[in-house]
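work-v7.cif follows (mmCIF, C-alpha atoms and all ligand atoms):
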```
data_my_file
#
loop_
_atom_site.label_atom_id
_atom_site.label_comp_id
_atom_site.auth_asym_id
_atom_site.auth_seq_id
_atom_site.Cartn_x
_atom_site.Cartn_y
_atom_site.Cartn_z
CA MET A 1 19.16 18.54 76.81
CA SER A 2 19.23 15.72 74.29
CA SER A 3 18.63 16.41 70.61
CA VAL A 4 15.20 17.49 69.38
CA ARG A 5 14.18 15.84 66.11
CA ILE A 6 11.09 17.06 64.33
CA LEU A 7 9.20 15.80 61.30
CA ALA A 8 7.24 18.71 59.79
CA ILE A 9 4.57 18.65 57.11
CA GLU A 10 3.35 21.56 54.95
CA SER A 11 0.25 21.25 52.75
CA SER A 12 -1.54 24.61 53.00
CA CYS A 13 -1.70 25.41 49.28
CA ASP A 14 -0.20 23.66 46.26
CA ASP A 15 3.12 22.37 47.63
CA THR A 16 3.32 19.06 49.50
CA SER A 17 6.44 19.23 51.65
CA ALA A 18 8.09 17.34 54.49
CA ALA A 19 11.23 18.22 56.44
CA ILE A 20 13.37 16.77 59.18
CA LEU A 21 14.98 19.22 61.57
CA VAL A 22 17.45 18.25 64.28
CA ASP A 23 18.24 20.92 66.89
CA GLY A 24 17.27 23.72 64.54
CA LYS A 25 19.26 22.36 61.56
CA VAL A 26 17.52 21.04 58.45
CA LEU A 27 18.51 17.47 57.51
CA SER A 28 16.00 17.24 54.67
CA ASN A 29 13.42 19.53 53.11
CA TYR A 30 11.58 17.86 50.27
CA ILE A 31 9.08 19.92 48.26
CA CYS A 32 6.69 18.52 45.66
CA THR A 33 5.11 21.37 43.70
CA GLN A 34 1.83 20.53 41.98
CA LYS A 35 1.87 21.17 38.24
CA VAL A 36 -1.83 20.45 37.66
CA HIS A 37 -2.81 24.10 38.30
CA GLU A 38 -0.68 25.63 35.51
CA GLN A 39 -3.34 25.14 32.85
CA TYR A 40 -6.04 26.81 35.02
CA GLY A 41 -4.14 30.05 35.72
CA GLY A 42 -4.43 29.57 39.49
CA VAL A 43 -4.73 26.98 42.24
CA VAL A 44 -7.87 24.82 41.96
CA PRO A 45 -8.61 23.86 45.61
CA GLU A 46 -10.22 20.47 44.93
CA LEU A 47 -7.38 19.39 42.63
CA ALA A 48 -4.84 20.62 45.19
CA SER A 49 -6.23 18.46 47.99
CA ARG A 50 -6.40 15.41 45.72
CA ASP A 51 -2.76 15.89 44.73
CA HIS A 52 -1.73 16.28 48.38
CA GLN A 53 -3.40 12.93 49.08
CA LYS A 54 -1.37 11.31 46.30
CA ASN A 55 1.89 12.97 47.35
CA ILE A 56 1.86 12.95 51.12
CA VAL A 57 3.12 9.39 51.74
CA PRO A 58 6.01 9.42 49.23
CA VAL A 59 7.00 12.97 50.23
CA VAL A 60 7.22 12.09 53.94
CA GLU A 61 9.00 8.82 53.19
CA PHE A 62 11.49 10.61 50.96
CA ALA A 63 12.26 13.26 53.60
CA MET A 64 12.77 10.54 56.24
CA LYS A 65 15.05 8.58 53.93
CA GLN A 66 17.07 11.62 52.91
CA ALA A 67 17.63 12.51 56.57
CA ASN A 68 18.53 8.88 57.28
CA ILE A 69 16.33 8.86 60.35
CA THR A 70 13.96 6.24 61.83
CA TRP A 71 10.46 6.74 63.22
CA ASP A 72 11.72 5.91 66.73
CA GLU A 73 14.13 8.82 66.59
CA ILE A 74 11.44 11.44 65.85
CA ASP A 75 10.44 13.48 68.94
CA ALA A 76 7.43 15.34 67.53
CA ILE A 77 5.25 15.63 64.43
CA ALA A 78 4.46 19.17 63.24
CA CYS A 79 2.06 20.38 60.59
CA THR A 80 0.60 23.62 59.23
CA THR A 81 -2.92 23.98 60.64
CA SER A 82 -3.68 27.52 59.36
CA PRO A 83 -4.10 29.63 57.25
CA GLY A 84 -4.56 28.05 53.84
CA LEU A 85 -6.96 26.12 51.63
CA ILE A 86 -9.05 23.99 53.95
CA GLY A 87 -9.05 20.86 51.77
CA SER A 88 -5.27 21.07 51.37
CA LEU A 89 -4.64 21.71 55.06
CA LEU A 90 -6.85 18.77 56.04
CA VAL A 91 -4.63 16.30 54.18
CA GLY A 92 -1.46 17.33 56.05
CA VAL A 93 -3.22 17.77 59.39
CA SER A 94 -4.99 14.40 59.21
CA PHE A 95 -1.79 12.65 58.17
CA ALA A 96 0.22 14.31 60.96
CA LYS A 97 -2.45 13.40 63.53
CA GLY A 98 -2.46 9.79 62.32
CA LEU A 99 1.33 9.62 62.63
CA ALA A 100 1.34 11.24 66.08
CA LEU A 101 -1.35 8.86 67.30
CA SER A 102 0.18 5.70 65.90
CA LEU A 103 3.75 6.55 66.95
CA GLY A 104 2.74 7.98 70.34
CA LYS A 105 4.57 11.27 69.61
CA PRO A 106 3.40 14.80 70.44
CA LEU A 107 1.77 16.96 67.78
CA ILE A 108 2.72 20.61 67.08
CA SER A 109 0.29 22.94 65.31
CA VAL A 110 2.06 25.61 63.23
CA ASN A 111 0.76 28.86 61.74
CA HIS A 112 1.96 29.14 58.14
CA MET A 113 2.53 32.92 58.24
CA LYS A 114 4.58 32.77 61.43
CA ALA A 115 6.55 29.94 59.86
CA HIS A 116 7.42 32.14 56.84
CA VAL A 117 8.92 34.67 59.28
CA MET A 118 10.69 31.88 61.20
CA ALA A 119 12.38 30.74 57.95
CA ASN A 120 14.89 33.50 58.71
CA PHE A 121 16.17 31.33 61.59
CA LEU A 122 17.25 28.63 59.17
CA SER A 123 20.13 30.83 58.01
CA ASP A 124 23.55 30.73 59.65
CA GLU A 125 23.21 34.41 60.49
CA MET A 126 19.94 34.83 62.40
CA PRO A 127 18.10 38.13 62.97
CA ALA A 128 18.32 39.76 66.40
CA PHE A 129 15.12 40.87 68.18
CA PRO A 130 13.21 43.05 67.67
CA PHE A 131 13.02 42.98 63.89
CA LEU A 132 10.54 43.87 61.19
CA CYS A 133 9.59 41.22 58.65
CA LEU A 134 7.99 41.93 55.31
CA THR A 135 6.10 38.71 54.58
CA VAL A 136 5.09 38.59 50.94
CA SER A 137 3.41 35.51 49.51
CA GLY A 138 0.65 34.47 47.13
CA GLY A 139 -2.00 34.85 49.81
CA HIS A 140 -0.59 37.46 52.22
CA THR A 141 1.31 40.71 52.38
CA GLN A 142 2.23 41.78 55.90
CA ILE A 143 4.69 43.88 57.85
CA VAL A 144 5.26 42.05 61.11
CA LEU A 145 6.98 43.34 64.24
CA VAL A 146 8.80 40.33 65.70
CA ARG A 147 9.62 40.74 69.40
CA ASP A 148 10.77 37.20 70.11
CA TYR A 149 10.54 33.72 68.58
CA LEU A 150 6.87 33.35 67.61
CA ASP A 151 5.95 36.62 69.40
CA MET A 152 4.70 38.63 66.43
CA GLU A 153 2.42 41.57 65.76
CA VAL A 154 1.08 42.34 62.30
CA ILE A 155 1.43 46.14 61.95
CA GLY A 156 0.40 46.39 58.30
CA GLU A 157 -1.23 44.19 55.71
CA THR A 158 -2.94 44.19 52.38
CA THR A 159 -6.52 45.39 52.22
CA ASP A 160 -7.18 43.36 49.04
CA ASP A 161 -4.81 41.32 46.86
CA ALA A 162 -1.46 39.97 48.05
CA ALA A 163 1.80 40.97 46.33
CA GLY A 164 2.27 37.46 44.90
CA GLU A 165 -1.29 37.56 43.59
CA ALA A 166 -0.53 40.89 41.89
CA PHE A 167 2.48 39.29 40.17
CA ASP A 168 0.48 36.20 39.20
CA LYS A 169 -2.54 38.11 37.89
CA ALA A 170 -0.40 40.52 35.90
CA ALA A 171 1.42 37.52 34.41
CA LYS A 172 -1.89 35.91 33.47
CA MET A 173 -2.91 39.11 31.63
CA LEU A 174 0.35 38.78 29.68
CA GLY A 175 -0.56 35.21 28.72
CA LEU A 176 2.02 33.62 31.04
CA PRO A 177 1.20 30.37 32.93
CA TYR A 178 0.58 30.09 36.70
CA PRO A 179 2.43 30.92 38.89
CA GLY A 180 3.58 33.90 36.85
CA GLY A 181 5.59 35.67 39.57
CA PRO A 182 8.86 33.87 38.79
CA LEU A 183 8.29 34.44 35.05
CA ILE A 184 7.80 38.20 35.47
CA ASP A 185 11.05 38.13 37.44
CA LYS A 186 12.77 36.22 34.62
CA TYR A 187 11.52 38.48 31.79
CA ALA A 188 12.19 41.63 33.83
CA VAL A 189 15.91 40.92 33.57
CA GLY A 190 17.30 43.24 30.91
CA GLY A 191 14.02 45.19 30.69
CA ASP A 192 13.59 48.92 31.36
CA GLY A 193 11.54 49.23 34.56
CA LYS A 194 11.09 53.00 34.05
CA ARG A 195 9.54 52.71 30.59
CA PHE A 196 5.90 52.18 31.63
CA LYS A 197 4.56 54.01 34.67
CA PHE A 198 1.93 52.29 36.83
CA PRO A 199 0.15 54.15 39.65
CA GLU A 200 1.26 53.89 43.27
CA PRO A 201 -1.74 53.16 45.56
CA LYS A 202 -2.47 55.73 48.27
CA ILE A 203 -3.18 53.65 51.36
CA PRO A 204 -2.61 54.93 54.92
CA ASN A 205 -0.20 53.54 57.54
CA TYR A 206 1.66 50.34 56.69
CA ASP A 207 -1.22 48.75 54.80
CA PHE A 208 -1.13 47.78 51.14
CA SER A 209 -3.50 47.59 48.20
CA PHE A 210 -2.81 45.96 44.86
CA SER A 211 -6.25 45.78 43.26
CA GLY A 212 -6.02 49.28 41.68
CA LEU A 213 -2.64 48.43 40.21
CA LYS A 214 -4.11 45.21 38.78
CA THR A 215 -6.86 47.20 37.04
CA ALA A 216 -4.34 49.76 35.75
CA ILE A 217 -2.24 46.95 34.25
CA LEU A 218 -5.33 45.40 32.64
CA TYR A 219 -6.36 48.69 30.96
CA PHE A 220 -2.76 49.38 29.93
CA ILE A 221 -2.53 45.98 28.21
CA GLN A 222 -5.98 46.21 26.59
CA GLU A 223 -5.33 49.70 25.16
CA ASN A 224 -1.89 48.87 23.82
CA VAL A 225 -2.89 45.50 22.35
CA ALA A 226 -5.84 47.19 20.61
CA ALA A 227 -3.37 49.56 18.93
CA ASN A 228 -0.74 46.88 18.22
CA PRO A 229 -1.64 43.15 18.51
CA ASN A 230 2.07 42.30 18.97
CA PHE A 231 2.54 44.83 21.78
CA ILE A 232 3.13 42.20 24.50
CA GLN A 233 5.63 40.09 22.52
CA GLU A 234 7.54 43.17 21.31
CA ASN A 235 7.78 44.75 24.78
CA LEU A 236 7.63 41.81 27.22
CA ASN A 237 10.89 42.61 29.04
CA ASP A 238 10.05 46.27 29.59
CA ILE A 239 6.45 45.48 30.64
CA CYS A 240 7.60 42.86 33.16
CA ALA A 241 10.37 45.13 34.48
CA SER A 242 7.89 48.03 34.88
CA ILE A 243 5.30 45.88 36.69
CA GLN A 244 7.98 44.43 38.97
CA GLU A 245 9.44 47.86 39.65
CA ARG A 246 6.05 49.20 40.80
CA ILE A 247 5.16 46.22 43.02
CA VAL A 248 8.61 46.31 44.59
CA SER A 249 8.51 50.10 45.15
CA VAL A 250 5.10 49.82 46.89
CA LEU A 251 6.51 47.15 49.22
CA MET A 252 9.77 48.99 49.87
CA ASN A 253 8.15 52.37 50.56
CA LYS A 254 5.94 50.87 53.30
CA LEU A 255 8.83 48.90 54.77
CA LYS A 256 10.97 52.05 54.82
CA ALA A 257 8.21 53.97 56.64
CA ALA A 258 7.70 51.19 59.20
CA ALA A 259 11.44 50.99 59.89
CA LYS A 260 11.69 54.77 60.30
CA ASP A 261 8.66 55.09 62.61
CA THR A 262 9.45 52.10 64.82
CA GLY A 263 13.19 52.79 64.93
CA VAL A 264 13.79 49.10 64.22
CA SER A 265 16.74 48.59 61.89
CA THR A 266 16.92 44.80 61.72
CA ILE A 267 14.82 43.88 58.71
CA ALA A 268 13.83 40.49 57.34
CA ILE A 269 11.93 39.49 54.23
CA ALA A 270 10.01 36.23 53.88
CA GLY A 271 7.43 34.43 51.72
CA GLY A 272 7.43 33.37 48.08
CA VAL A 273 7.84 36.88 46.67
CA SER A 274 11.08 37.28 48.65
CA ALA A 275 12.57 35.05 45.92
CA ASN A 276 12.08 38.00 43.51
CA SER A 277 15.42 39.34 42.30
CA GLY A 278 14.13 42.93 42.00
CA LEU A 279 12.84 42.84 45.58
CA ARG A 280 16.08 41.37 46.87
CA SER A 281 18.22 43.99 45.17
CA ALA A 282 15.92 46.88 46.22
CA ALA A 283 16.04 45.62 49.82
CA ASN A 284 19.82 45.38 49.66
CA ASP A 285 20.05 48.96 48.32
CA LEU A 286 17.82 50.26 51.12
CA ALA A 287 19.81 48.31 53.71
CA ARG A 288 23.01 49.95 52.50
CA ARG A 289 21.46 53.42 52.52
CA HIS A 290 19.64 53.16 55.86
CA LYS A 291 22.18 50.93 57.63
CA TRP A 292 19.70 48.11 58.10
CA LYS A 293 20.84 44.63 59.07
CA LEU A 294 19.01 42.72 56.33
CA HIS A 295 18.01 39.03 56.43
CA ILE A 296 16.51 37.09 53.53
CA PRO A 297 16.11 33.29 53.68
CA ASP A 298 17.79 30.98 51.16
CA PHE A 299 15.67 30.49 48.04
CA GLN A 300 14.45 27.02 49.11
CA TYR A 301 13.00 28.54 52.32
CA CYS A 302 11.28 31.53 50.62
CA THR A 303 8.45 29.71 48.86
CA ASP A 304 6.28 27.20 50.75
CA ASN A 305 8.36 24.48 52.39
CA ALA A 306 8.25 22.26 55.46
CA GLY A 307 11.68 23.44 56.69
CA MET A 308 10.09 26.69 57.87
CA ILE A 309 7.27 24.72 59.57
CA ALA A 310 9.93 22.65 61.33
CA ILE A 311 11.88 25.64 62.68
CA ALA A 312 8.68 27.24 64.01
CA ALA A 313 7.74 23.88 65.55
CA TYR A 314 11.19 23.56 67.13
CA HIS A 315 10.69 26.81 69.06
CA GLN A 316 7.17 25.71 70.02
CA PHE A 317 8.65 22.40 71.23
CA LEU A 318 11.13 24.28 73.42
CA LYS A 319 8.19 26.16 74.96
CA ASN A 320 6.16 22.95 75.43
CA GLU A 321 3.53 24.24 73.04
CA PHE A 322 1.91 21.01 71.91
CA ALA A 323 -1.49 20.56 70.29
CA PRO A 324 -4.21 18.06 71.18
CA LEU A 325 -5.04 15.40 68.59
CA THR A 326 -8.39 17.15 68.22
CA VAL A 327 -6.75 20.33 66.83
CA ALA A 328 -8.63 21.61 63.79
CA ALA A 329 -7.35 22.93 60.47
CA SER A 330 -8.49 26.46 59.72
CA SER A 331 -8.40 28.51 56.53
CA ARG A 332 -7.90 31.68 58.60
CA GLY A 333 -4.99 32.71 60.80
CA ILE A 334 -2.81 35.77 61.36
O1 LIG A 401 4.89 31.69 49.96
P1 LIG A 401 4.42 31.06 48.71
O2 LIG A 401 5.22 29.92 48.13
O3 LIG A 401 2.96 30.52 48.85
C1 LIG A 401 1.97 31.18 49.58
O4 LIG A 401 1.96 31.02 50.83
O5 LIG A 401 1.20 31.90 48.91
O6 LIG A 401 4.30 32.23 47.64
C2 LIG A 401 3.90 31.98 46.34
C3 LIG A 401 3.89 33.28 45.59
C4 LIG A 401 3.27 33.16 44.21
O7 LIG A 401 2.38 34.24 44.04
C5 LIG A 401 4.48 33.29 43.29
O8 LIG A 401 4.19 33.84 42.03
C6 LIG A 401 5.35 34.22 44.09
O9 LIG A 401 5.24 33.76 45.41
N1 LIG A 401 6.76 34.14 43.65
C7 LIG A 401 7.39 35.15 43.02
C8 LIG A 401 8.71 34.68 42.74
N2 LIG A 401 8.82 33.40 43.21
C9 LIG A 401 7.61 33.10 43.77
N3 LIG A 401 6.98 36.36 42.68
C10 LIG A 401 7.85 37.17 42.05
N4 LIG A 401 9.11 36.80 41.74
C11 LIG A 401 9.57 35.58 42.06
N5 LIG A 401 10.83 35.23 41.76
ZN ZN A 402 3.30 30.58 52.03
#
```
Take the structure in this file and express it as structure tokens.
Amino acid sequence: MSSVRILAIESSCDDTSAAILVDGKVLSNYICTQKVHEQYGGVVPELASRDHQKNIVPVVEFAMKQANITWDEIDAIACTTSPGLIGSLLVGVSFAKGLALSLGKPLISVNHMKAHVMANFLSDEMPAFPFLCLTVSGGHTQIVLVRDYLDMEVIGETTDDAAGEAFDKAAKMLGLPYPGGPLIDKYAVGGDGKRFKFPEPKIPNYDFSFSGLKTAILYFIQENVAANPNFIQENLNDICASIQERIVSVLMNKLKAAAKDTGVSTIAIAGGVSANSGLRSAANDLARRHKWKLHIPDFQYCTDNAGMIAIAAYHQFLKNEFAPLTVAASSRGI
């Protein structure tokens, strides 16, 4: 078969991204992260879609240029259609449809959560089937049983907040800007994660809950700041390390249980929170102890990016899974 060249677009939240993938290998993966939300402590949907509109043309042009590829050489246009913020999705989906129509190329509709899992196939060493993937992002927390490319079953998920949201909200309570997850990670370095104890939620099966932990952190901060106004500044490293330690232990305990019960020992981690250094080292420790074959994508493919959309689209292309130009964007998905 001749080469398959895909242009993929991601715009489901606050990153505008475009990637070119040729036969499963990334030639370019350009990500433009919106800064406008920092001052608001979270993503403002209307501002996000306006920024996508500003960014989409230069981002796609830059990815094309970086890959040194022409429009004629592209075989298909892919975009995230769900889940995500509807106004944000619409920008990428409308743009991809316009390109597909004007260039006469097929369109591929990609699910963002499946694409996070598929990011593991951008590494040189790819996971063997079946494997379990812990997908941890700002909007989702899932344990997914992956039977084949794109053949996935969600066996556990959060009943309230996502893990990334727990990081971001805790950071906000500490006065850190959005997104606070990477900052908690940064300040946790050198901190004592055992110093402050936060409760572990009691949720059955492989499901998660982070809202109780969020409330516990809020009360902990309020009480301590009332007693000492400089409490946060004086203890930032230990607080961040303790919060991170608890979020990571919740995730790892469920993953450990799922691996034990299913007998699956190939484990992958995906989504923005998989960039967390505490999570990566805890997963590596568990892998050593339980003889797991562990896969974690490169940093650039952990947080939202079009490279992961492109690799999912590539496997859809191989299965002739194309979308009509009438395909709709949807805020919901697996
Ligand atoms: O996958 P992603 O880029 O977007 C969504 O699909 O939500 O994930 C973003 C989330 C944010 O909550 C961000 O704070 C979190 O991933 N995140 C981290 C780290 N890097 C990104 N959380 C903890 N530690 C990090 N190093
Ligand atoms: Zn994501």
> By how many Å are CA of Val59 in chain A and atom N2 of ligand LIG 401 (chain A) apart?
Replying inline: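 Spanning CA of Val59 in chain A to atom N2 of ligand LIG 401 (chain A) is a straight-line distance of 21.7 Å.
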> Using all atoms listed in the file, which of A:Gly271, A:Gln316, A:Asn276, A:Thr158 sits nearest ligand ZN 402 (chain A)?
Replying inline: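 Closest residue, counting all atoms listed in the file: A:Gly271.
Distance annotation: of A:Met126, A:Val136, A:Ala96, A:Ala329, the residue with the minimal separation from ligand ZN 402 (chain A) is A:Val136; atom set is only C-alpha atoms and all ligand atoms.
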> If you count only C-alpha atoms, which residues fall within 9 Å of range 80-85 of chain A, apart from same-chain ones fewer than 3 positions away, as an MDAnalysis selection string?
Replying inline: chainID A and resid 8:14 45 48:49 88:90 92:93 108:113 115 139 306 309 327:334
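Candidate residues A:Ile155, A:Ile232, A:Ile20, A:Leu99 were compared for distance to Met64 in chain A, and the nearest is A:Ile20, using all atoms listed in the file.
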> Counting all atoms listed in the file, which protein, DNA or RNA residues come within 6 Å of ligand LIG 401 (chain A), given as number ranges by chain?
Replying inline: A: 137-139, 164-165, 167-168, 179-182, 185, 271-273, 275-276, 303-304
Take the selection from the previous step and output its residues with C-alpha atoms, as a short mmCIF file (atom, residue, chain, number, x, y, z; two decimals), keeping the file's coordinate frame.
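Written out: again_14.cif:
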```
data_model
loop_
_atom_site.label_atom_id
_atom_site.label_comp_id
_atom_site.auth_asym_id
_atom_site.auth_seq_id
_atom_site.Cartn_x
_atom_site.Cartn_y
_atom_site.Cartn_z
CA SER A 137 3.41 35.51 49.51
CA GLY A 138 0.65 34.47 47.13
CA GLY A 139 -2.00 34.85 49.81
CA GLY A 164 2.27 37.46 44.90
CA GLU A 165 -1.29 37.56 43.59
CA PHE A 167 2.48 39.29 40.17
CA ASP A 168 0.48 36.20 39.20
CA PRO A 179 2.43 30.92 38.89
CA GLY A 180 3.58 33.90 36.85
CA GLY A 181 5.59 35.67 39.57
CA PRO A 182 8.86 33.87 38.79
CA ASP A 185 11.05 38.13 37.44
CA GLY A 271 7.43 34.43 51.72
CA GLY A 272 7.43 33.37 48.08
CA VAL A 273 7.84 36.88 46.67
CA ALA A 275 12.57 35.05 45.92
CA ASN A 276 12.08 38.00 43.51
CA THR A 303 8.45 29.71 48.86
CA ASP A 304 6.28 27.20 50.75
#
```
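Candidate residues A:Ile247, A:Ala162, A:Ile311, A:Ala268 were compared for distance to ligand ZN 402 (chain A), and the nearest is A:Ala162, using all atoms listed in the file.
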>> Residues within 10 Å of (20.4, 17.1, 61.7), file coordinates, counting all atoms listed in the file: what are they? Give the list as JSON, numbers by chain.
In response: {"A": [3, 4, 5, 6, 20, 21, 22, 23, 24, 25, 26, 27, 28, 67, 68, 69]}
> For Gly156 in chain A, which of A:Met308, A:Val225, A:Leu251, A:Ala76 is the closest residue, counting all atoms listed in the file?
Replying inline: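 Distance minimum relative to Gly156 in chain A lands on A:Leu251.
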>> Between A:Phe317, A:Phe121, A:Tyr40, A:Phe62, which residue has the minimum interatomic distance to Pro297 in chain A, considering all atoms listed in the file?
In response: A:Phe121
> If you count only C-alpha atoms, which residues fall within 10 Å of Phe220 in chain A, apart from same-chain ones fewer than 5 positions away, as a list in words?
Replying inline: Phe196, Lys197, Phe198, Lys214, Thr215 and Val225 of chain A
Please save C-alpha atoms of the selected residues as a PDB file, in the coordinates of the input.
```pdb
ATOM      1  CA  PHE A 196       5.900  52.180  31.630  1.00  0.00           C
ATOM      2  CA  LYS A 197       4.560  54.010  34.670  1.00  0.00           C
ATOM      3  CA  PHE A 198       1.930  52.290  36.830  1.00  0.00           C
ATOM      4  CA  LYS A 214      -4.110  45.210  38.780  1.00  0.00           C
ATOM      5  CA  THR A 215      -6.860  47.200  37.040  1.00  0.00           C
ATOM      6  CA  VAL A 225      -2.890  45.500  22.350  1.00  0.00           C
TER       7      VAL A 225
END
```
